[in-house]
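Beneath this line is the structure, given in structure tokens, with notes to follow.
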2 protein chains.
Amino acid sequence: MNGDVHKIIEEALPLVVPSEEEIRKAKDAEMELRRRLDEVLKNYPHLEYRFLGSYARNTWLKGNLEIDIFILFPEDTPKEELERIGLEIGKSVVDEYELRYAAHPYVHGIVKGVEVDVVPCYKLKSAEKIKSAVDRTPFHHDWLKDRIRGKENDVRLLKKFLKVAGIYGAEYKVRGFSGYLCELLIVFYGSFLEVIRNATEWTRNTVIDVPAGKVYRRKGEFFVVDPVDPKRNVAANLSLDNLAKFVQICREFLKRPSLDYFVEREPEIPSDEIIAEEIESRGTGLCAVVFKKPDIVEDNLYPQLEKACRRINDFLRRENFLPLRAGYFANESKCVLMFETQVGELARIRRHEGPPFEEEEHVERFLKKERKYKPFIEGGKFWVYVERKNWKVEDAISDLIRRDWRSMGKNVGEKLKEGFDVLTGKDVLKVEGREFRKFLVEFLCLK
Amino acid sequence: MNGDVHKIIEEALPLVVPSEEEIRKAKDAEMELRRRLDEVLKNYPHLEYRFLGSYARNTWLKGNLEIDIFILFPEDTPKEELERIGLEIGKSVVDEYELRYAAHPYVHGIVKGVEVDVVPCYKLKSAEKIKSAVDRTPFHHDWLKDRIRGKENDVRLLKKFLKVAGIYGAEYKVRGFSGYLCELLIVFYGSFLEVIRNATEWTRNTVIDVPAGKVYRRKGEFFVVDPVDPKRNVAANLSLDNLAKFVQICREFLKRPSLDYFVEREPEIPSDEIIAEEIESRGTGLCAVVFKKPDIVEDNLYPQLEKACRRINDFLRRENFLPLRAGYFANESKCVLMFETQVGELARIRRHEGPPFEEEEHVERFLKKERKYKPFIEGGKFWVYVERKNWKVEDAISDLIRRDWRSMGKNVGEKLKEGFDVLTGKDVLKVEGREFRKFLVEFLCLK
């Protein structure tokens with residue numbers, strides 16, 4: 001079976017290597033861009049531009065062409081000037097544009113039908129002195145450009161393999177593998193297949209020390225040492241669970257190699273009737289908190305959604321609703337926080353703990369209170385049944401959000417404060433759209 | 001208010017001191033018994049008899065007359081002979097009798113309308129060499145008889161005070177204060193009122209060192225040192241919760257002295273309709289396991305009931321039904337184990353934990369199993385939803401008893417194996433009788 005793997009990889013190449021047409025289109029755009037940049041930079045003789053990133057290294061994934069241009073400013077340029085002039089240049093070299101935000105604002109645009117980013121950064125002597133993450137990019141390129149030569153398609157295979165698995169990209173929405181991390185791994189292990197083979201042995205304590213050329217284990221986190229800044233973990237944004245997912249997929253791919261690992265397919269989704277039936281039959285508490293999406297970038301939104309989700313889930317655990325899983329979803333207009341619990345409805349009463357019998361004054365105060373139920377002694381302590389404020393999971397969640405929206409991320413919290421709906425049971429299917437159904441089927445672990 | 005306490009105690013005396021008629025009846029029975037004993041012991045010149053216990057010391061509680069006679073055997077008598085001759089003598093001196101069991105079997109009978117125990121024991125030089133608990137009784141009597149003189153009615157007040165509180169008696173059913181413990185406390189503190197006053201300061205670590213004449217604290221348990229055997233804790237059978245109850249009642253009595261503390265009253269019990277309504281409205285899981293009472297003495301039955309109760313309750317906690325309280329009840333024919341939980345019905349699914357992703361072989365075995373739901377990764381570990389065997393609390397209890405009756409006490413376990421009913425919710429009221437209702441109202445903490 002394992003003999004197949006080379007054949008499969010061979011067959012996968014056409015799925016990941018750009019077509020000649022795509023390459024020609026890219027070249028055309030590059031030439032046009034160089035013309036425009038040379039022209040506009042005549043006005044800024046102290047600046048230079050560089051083509052960096054996957055286009056510059058010929059490692060972009062088929063169908064995912066994007067040209068990255070960096071405008072390098074002298075180290076002593078004030079930040080405001082860098083941003084202002086950076087945007088001016090960006091706007092002047094693309095056909096249509098929008099502003100995007102990373103470390104600084106930058107221009108994203110189109111040139112001859114190709115997507116282009118024009119990013120200003122500082123030109124530094126050493127990568128250890130960087131002011132923001134984008135300043136590191138020229139160093140990454142310098143380190144990679146000769147080392148990756150001849151291995152471009154291995155990078156592409158790895159990117160596609162990750163993309164199909166849903167773990168390509170270091171952004172918060174994905175928490176997977178960045179393009180830079182893919183290239184480093186290919187350089188380090190030598191080929192796509194060697195990355196896959198070695199990954200089956202990775203653990204949460206694995207350190208891949210790229211500059212030192214060795215792998216070892218160290219309690220902490222999965223760590224890939226950045227050769228241009230050895231303190232930095234290139235895999236810092238890779239979540240533990242996505243690392244686990246990757247390791248497992250590598251094992252399965254090697255055991256049963258298949259082209260399926262390189263083909264993005266839309267999953268089959270059961271009908272709403274079938275999902276509703278399953279929800280009813282499992283007897284869980286299922287709640288979807290639905291609210292308006294705040295108008296912020298994804299890298300800001302998703303950490304807030306995760307925080308809100310965790311706050312609510314921790315609360316459900318403390319309140320004894322026995323959470324099964326929690327998750328979050330967002331589309332263009334709405335956010336959804338999802339919770340499933342093993343208890344949908346608790347008793348109307350709970351035990352309220354009082355003082356040990358020895359503490360006479362506390363006991364007197366405890367017993368003096370007007371109560372519906374008679375206090376009792378257990379384990380040398382006084383106790384009394386009190387009525388529970390919220391015995392249904394949906395009421396408990398609503399009540400918590402109304403009290404505690406401030407702790408659920410700045411923008412998400414504010415939107416929650418403005419208003420939210422809690423859908424329960426099969427009513428969660430009132431949230432519209434196929435993307436939500438894909439999320440829901442995953443969340444419910446349906447096959 | 002506190003000035004009242006002496007007046008209340010004065011008023012309580014007629015409720016605890018035997019009437020002249022009761023005393024005359026006792027004296028008549030005593031004289032008859034002495035006649036019969038002198039006669040029968042002519043045949044056993046090596047034996048002697050003694051009147052011991054509360055009758056002998058004039059500390060019996062009004063209406064609770066019972067004459068204790070001990071037949072003392074030489075130390076070298078074989079156990080079988082002691083038992084055989086002990087019963088022979090017992091039977092021959094009472095009018096009607098039944099056999100009872102403590103350390104040895106003994107005769108309980110009636111003489112001139114008065115209840116009598118005839119108990120065989122060894123005559124020993126020192127209390128430290130005793131063979132069974134009854135051998136200690138003569139030493140207790142010798143230690144107390146002069147010291148208690150003049151304080152007999154204080155003993156009676158304390159016994160009644162405890163009886164009304166439901167904590168008089170060291171037997172397993174009660175786990176309260178023995179008669180001997182009452183007398184020791186009166187000797188130690190000097191009077192009923194001083195016992196009550198000092199008890200308000202007792203803790204679970206208090207040691208009342210009677211022979212040394214001092215009180216101190218020591219981590220462990222509430223301990224009253226036996227003056228005839230200093231290693232022995234006279235309060236060993238007093239439960240922590242009954243100690244707590246006593247301490248609290250003492251405080252309340254001193255704060256608001258009242259004759260109520262000396263009058264046994266039948267509690268008012270709400271109607272079955274009202275109890276049923278309360279059960280329905282509190283939304284708990286309420287289960288009564290009902291089965292035939294095994295034919296064993298109470299001191300054997302109650303520890304077994306407690307064990308069975310604890311086993312089931314621990315199980316309910318592990319299975320996430322969130323127990324509120326557990327309790328047990330027995331009448332002449334039936335036993336009941338009662339459980340109330342905050343969750344009556346759990347989800348049909350639960351999380352089943354798999355291996356961490358690093359353990360390749362375990363992961364493979366875990367994923368290979370045929371499963372209804374898709375496994376997922378959380379915290380670097382594999383998990384999968386599996387269907388719960390018992391999601392209703394009553395089914396979970398029944399299933400546990402059928403599997404695990406052997407761990408629920410020898411005789412109770414056997415009866416459970418033979419069969420049991422589980423009543424749920426307001427159906428627990430199908431158990432008949434006022435005594436059960438008293439228990440239920442306490443169990444539910446109704447006012």
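Identifiers in the structure tokens: chain A, B, ... in order shown; residue index from 1 per chain; ligand index from 1 in order shown.
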- prompt: Could you write out as a ChimeraX atom specification the residues of chain A within 9 Å of chain B, counting only C-alpha atoms?
  reply: /A:200-204,240-245,247-248,251,281-285,320,322,324,341-351,356-358,360,363,372-381,384-385,387,442,444-447
Using DSSP secondary structure from the backbone, list all strand (DSSP E or B) positions within range 74-197 of chain B, as a compact mmCIF listing (two decimals) with C-alpha atoms, in the first residue's frame.
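result_34.txt written:
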# COMPACT_ATOMS: atom_id res chain seq x y z
CA GLU B 96 -42.13 -14.17 80.35
CA TYR B 97 -39.04 -13.75 78.24
CA GLU B 98 -37.44 -13.34 74.85
CA LEU B 99 -33.83 -13.78 73.79
CA ARG B 100 -31.86 -10.74 72.78
CA TYR B 101 -28.34 -10.33 71.43
CA PRO B 105 -27.31 -13.68 73.94
CA TYR B 106 -29.21 -12.61 77.07
CA VAL B 107 -32.71 -12.80 78.51
CA HIS B 108 -35.13 -9.91 78.32
CA GLY B 109 -38.28 -10.53 80.36
CA ILE B 110 -41.00 -9.17 82.60
CA VAL B 111 -41.25 -9.41 86.38
CA VAL B 114 -41.43 -4.39 84.94
CA GLU B 115 -39.00 -4.98 82.08
CA VAL B 116 -35.86 -6.81 83.09
CA ASP B 117 -32.57 -7.70 81.36
CA VAL B 118 -30.57 -10.61 82.76
CA VAL B 119 -27.07 -10.43 81.28
CA PRO B 120 -24.20 -12.84 81.93
CA CYS B 121 -20.67 -11.41 82.12
CA TYR B 122 -17.20 -12.15 83.45
CA TYR B 168 -30.61 9.65 73.10
CA PHE B 177 -25.59 9.69 73.58
field: Spatial neighbours of Ile71 in chain B, max dist 10 Å, only C-alpha atoms, sep filter under 4 positions, as JSON, numbers by chain
entry: {"B": [37, 41, 47, 48, 49, 50, 51, 82, 85, 86, 87, 89, 90, 118, 119, 120, 121, 122, 123]}
- prompt: Nearest to Ile249 in chain A among A:Ala396, A:Asp135, A:Leu162, A:Lys79, with distances taken over only C-alpha atoms: which residue is it?
  reply: A:Leu162
message: Taking the DSSP secondary structure from the backbone, can you list the residues of range 31-253 of chain A that are helix (DSSP H, G or I), as a PyMOL selection string?
response: chain A and resi 31-43+53-56+79-93+127-129+133-147+152-165+179-189+192-199+240-253
Could you write out that same residue set with C-alpha atoms as an mmCIF file, in the first residue's frame?
data_model
loop_
_atom_site.group_PDB
_atom_site.id
_atom_site.type_symbol
_atom_site.label_atom_id
_atom_site.label_comp_id
_atom_site.auth_asym_id
_atom_site.auth_seq_id
_atom_site.Cartn_x
_atom_site.Cartn_y
_atom_site.Cartn_z
ATOM 1 C CA MET A 31 6.100 43.509 -15.097
ATOM 2 C CA GLU A 32 3.360 46.078 -15.012
ATOM 3 C CA LEU A 33 3.871 46.516 -11.278
ATOM 4 C CA ARG A 34 7.623 46.992 -11.628
ATOM 5 C CA ARG A 35 7.001 49.674 -14.246
ATOM 6 C CA ARG A 36 4.578 51.549 -12.009
ATOM 7 C CA LEU A 37 6.750 51.186 -8.919
ATOM 8 C CA ASP A 38 9.896 52.395 -10.683
ATOM 9 C CA GLU A 39 7.928 55.408 -11.854
ATOM 10 C CA VAL A 40 6.394 56.359 -8.512
ATOM 11 C CA LEU A 41 9.574 55.754 -6.498
ATOM 12 C CA LYS A 42 11.368 58.400 -8.522
ATOM 13 C CA ASN A 43 9.629 60.784 -6.115
ATOM 14 C CA GLY A 53 6.356 36.042 -0.214
ATOM 15 C CA SER A 54 5.172 32.990 -2.106
ATOM 16 C CA TYR A 55 5.003 34.663 -5.493
ATOM 17 C CA ALA A 56 8.592 35.874 -5.264
ATOM 18 C CA LYS A 79 5.731 55.558 11.901
ATOM 19 C CA GLU A 80 3.088 58.041 10.695
ATOM 20 C CA GLU A 81 5.147 58.952 7.658
ATOM 21 C CA LEU A 82 5.737 55.280 6.804
ATOM 22 C CA GLU A 83 2.026 54.618 6.960
ATOM 23 C CA ARG A 84 1.012 57.708 5.004
ATOM 24 C CA ILE A 85 3.571 57.323 2.233
ATOM 25 C CA GLY A 86 3.150 53.539 2.193
ATOM 26 C CA LEU A 87 -0.554 53.923 1.442
ATOM 27 C CA GLU A 88 0.087 56.675 -1.147
ATOM 28 C CA ILE A 89 2.465 54.461 -3.086
ATOM 29 C CA GLY A 90 0.195 51.448 -2.766
ATOM 30 C CA LYS A 91 -2.830 53.302 -4.048
ATOM 31 C CA SER A 92 -0.884 54.710 -6.987
ATOM 32 C CA VAL A 93 0.325 51.356 -8.329
ATOM 33 C CA ALA A 127 15.788 40.631 12.344
ATOM 34 C CA GLU A 128 16.121 40.894 16.122
ATOM 35 C CA LYS A 129 15.450 44.637 15.992
ATOM 36 C CA ALA A 133 5.898 41.434 12.314
ATOM 37 C CA VAL A 134 6.001 42.701 8.700
ATOM 38 C CA ASP A 135 9.576 43.929 9.165
ATOM 39 C CA ARG A 136 10.575 40.292 9.536
ATOM 40 C CA THR A 137 9.347 39.331 6.044
ATOM 41 C CA PRO A 138 12.455 40.492 4.112
ATOM 42 C CA PHE A 139 14.626 38.387 6.432
ATOM 43 C CA HIS A 140 12.380 35.350 5.942
ATOM 44 C CA HIS A 141 12.691 35.766 2.205
ATOM 45 C CA ASP A 142 16.463 36.128 2.316
ATOM 46 C CA TRP A 143 16.784 33.011 4.440
ATOM 47 C CA LEU A 144 14.457 30.921 2.268
ATOM 48 C CA LYS A 145 15.085 32.026 -1.279
ATOM 49 C CA ASP A 146 18.151 29.881 -2.076
ATOM 50 C CA ARG A 147 17.272 27.056 0.292
ATOM 51 C CA GLU A 152 8.826 24.670 -4.674
ATOM 52 C CA ASN A 153 6.349 21.981 -5.590
ATOM 53 C CA ASP A 154 6.875 20.173 -2.287
ATOM 54 C CA VAL A 155 5.813 23.385 -0.593
ATOM 55 C CA ARG A 156 2.732 23.470 -2.806
ATOM 56 C CA LEU A 157 1.849 19.851 -2.005
ATOM 57 C CA LEU A 158 2.074 20.561 1.722
ATOM 58 C CA LYS A 159 -0.023 23.715 1.459
ATOM 59 C CA LYS A 160 -2.748 21.880 -0.441
ATOM 60 C CA PHE A 161 -2.649 18.907 1.931
ATOM 61 C CA LEU A 162 -3.171 21.333 4.827
ATOM 62 C CA LYS A 163 -5.832 23.323 3.004
ATOM 63 C CA VAL A 164 -7.937 20.256 2.316
ATOM 64 C CA ALA A 165 -7.630 19.361 6.013
ATOM 65 C CA GLY A 179 2.890 29.602 4.431
ATOM 66 C CA TYR A 180 6.249 30.464 5.970
ATOM 67 C CA LEU A 181 5.970 27.493 8.336
ATOM 68 C CA CYS A 182 5.274 25.208 5.348
ATOM 69 C CA GLU A 183 8.389 26.395 3.554
ATOM 70 C CA LEU A 184 10.568 26.036 6.662
ATOM 71 C CA LEU A 185 9.350 22.460 7.169
ATOM 72 C CA ILE A 186 10.135 21.581 3.536
ATOM 73 C CA VAL A 187 13.632 23.072 3.851
ATOM 74 C CA PHE A 188 14.175 21.291 7.183
ATOM 75 C CA TYR A 189 12.971 17.811 6.182
ATOM 76 C CA PHE A 192 6.808 16.863 1.236
ATOM 77 C CA LEU A 193 6.975 13.139 1.964
ATOM 78 C CA GLU A 194 9.663 13.549 4.594
ATOM 79 C CA VAL A 195 7.606 16.224 6.369
ATOM 80 C CA ILE A 196 4.630 13.851 6.425
ATOM 81 C CA ARG A 197 6.715 10.902 7.628
ATOM 82 C CA ASN A 198 8.397 12.854 10.382
ATOM 83 C CA ALA A 199 5.216 14.565 11.494
ATOM 84 C CA LEU A 240 -2.703 21.968 19.918
ATOM 85 C CA ASP A 241 -5.767 20.359 18.389
ATOM 86 C CA ASN A 242 -4.770 21.312 14.827
ATOM 87 C CA LEU A 243 -1.307 19.919 15.484
ATOM 88 C CA ALA A 244 -2.982 16.696 16.617
ATOM 89 C CA LYS A 245 -5.220 16.685 13.574
ATOM 90 C CA PHE A 246 -2.240 17.099 11.248
ATOM 91 C CA VAL A 247 -0.230 14.339 12.927
ATOM 92 C CA GLN A 248 -3.165 11.967 12.639
ATOM 93 C CA ILE A 249 -3.877 12.827 8.994
ATOM 94 C CA CYS A 250 -0.209 12.221 8.153
ATOM 95 C CA ARG A 251 -0.451 8.730 9.677
ATOM 96 C CA GLU A 252 -3.630 7.962 7.783
ATOM 97 C CA PHE A 253 -2.260 9.302 4.497
#
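Across A:Leu400, A:Ile275, A:Leu301, A:Val224, the tightest approach to Leu238 in chain A is made by A:Val224 when counting only C-alpha atoms.
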Shell around Thr206 in chain A at 8 Å using only C-alpha atoms, local window under 2 positions removed, as an MDAnalysis selection string: chainID A and resid 202:204 208 215:218 221:223
task: Fewer than 4 positions away in the same chain doesn't count, so skip those; otherwise give me all residues within 12 Å of Ser271 in chain A, counting only C-alpha atoms, as a list of chain:residue names.
output: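 The contact residues come out as A:Ile275, A:Ala276, A:Glu277, A:Glu278, A:Leu429, A:Arg434, A:Arg437, A:Lys438, A:Leu440, A:Val441.
Of note, CA of Lys231 in chain A and CA of Leu124 in chain A are spaced 17.8 Å apart.
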